[in-house]
Amino acid sequence: MQPSKTKSELIDAVAASAHVPRGRAEQVVNRIFDALSDALARGEGVELRGFGTFSVRDYPAYDGRNPRTGEPVHVKPKRLPVFKVGKELRQRVEAAGEAQASRRAQAEAARAEPATLEVVAREAGTTPRSELPRS
């Protein structure tokens, strides 16, 4: 799993790609997060086409069990933010994962069987140097 990008790194990326000072990029990122948080707090959804949809889901109260002791526990109702990934983002992530898996498989194959000049020559359809007549 790849390491997560922090908010600070996101701000740096926005500043670099938009060619704006870091302070301005920080204001923009903070305002986007604030607007998103405020909308969810009001129970509204936020749809970002191609990226995904943020919404609030209500969960009812239920009786559960403490996994450590097995003792019954009442769980209160709650409202939690949820994210549903958009089609374009899903496809982009899947394509990146497939490319990464392909590169990983190629690297593993290269480690498992190191390519020697003889192997390369045979694959190219030429005679390896070790099999050439000596003069």
# chains A, B, ... in the order shown; residues from 1 in each chain; ligands from 1
$ residues_around --residues "Ala16 (chain A)" --least-positions-apart "6" --cutoff "10 Å" --atoms "only C-alpha atoms" --output "number ranges by chain"
A: 10, 22, 25
$ residues_around --residues "Lys84 (chain A)" --least-positions-apart "3" --cutoff "7 Å" --atoms "only C-alpha atoms" --output "MDAnalysis selection string"
chainID A and resid 52:54
$ select_by_dssp --residues "region 13-129 of chain A" --states "strand (DSSP E)" --output "PyMOL selection string"
chain A and resi 46-48+52-59+62-65+72-75+78-85
$ closest_residue --among "A:His19, A:Lys87, A:Lys76, A:Arg103" --to "Leu48 (chain A)" --atoms "only C-alpha atoms"
A:Lys87
$ residues_around --residues "Lys78 (chain A)" --least-positions-apart "4" --cutoff "9 Å" --atoms "only C-alpha atoms" --output "mmCIF file with N, CA and C atoms, in the first residue's frame"
data_model
loop_
_atom_site.group_PDB
_atom_site.id
_atom_site.type_symbol
_atom_site.label_atom_id
_atom_site.label_comp_id
_atom_site.auth_asym_id
_atom_site.auth_seq_id
_atom_site.Cartn_x
_atom_site.Cartn_y
_atom_site.Cartn_z
ATOM 1 N N ARG A 57 -25.012 9.347 6.179
ATOM 2 C CA ARG A 57 -25.875 8.185 6.345
ATOM 3 C C ARG A 57 -26.233 8.044 7.821
ATOM 4 N N ASP A 58 -27.520 7.811 8.065
ATOM 5 C CA ASP A 58 -28.003 7.586 9.429
ATOM 6 C C ASP A 58 -27.985 6.095 9.727
ATOM 7 N N TYR A 59 -27.449 5.746 10.882
ATOM 8 C CA TYR A 59 -27.425 4.356 11.326
ATOM 9 C C TYR A 59 -28.278 4.239 12.591
ATOM 10 N N PRO A 60 -29.197 3.281 12.635
ATOM 11 C CA PRO A 60 -30.070 3.145 13.813
ATOM 12 C C PRO A 60 -29.311 2.540 15.006
ATOM 13 N N ALA A 61 -29.912 2.679 16.182
ATOM 14 C CA ALA A 61 -29.353 2.067 17.389
ATOM 15 C C ALA A 61 -29.514 0.550 17.274
#
$ closest_residue --among "A:Arg24, A:Ser55, A:Asp12, A:Ser17" --to "Leu80 (chain A)" --atoms "only C-alpha atoms"
A:Ser55
$ atom_distance --atom1 "CA of Ser102 (chain A)" --atom2 "CA of Thr6 (chain A)"
27.4 Å
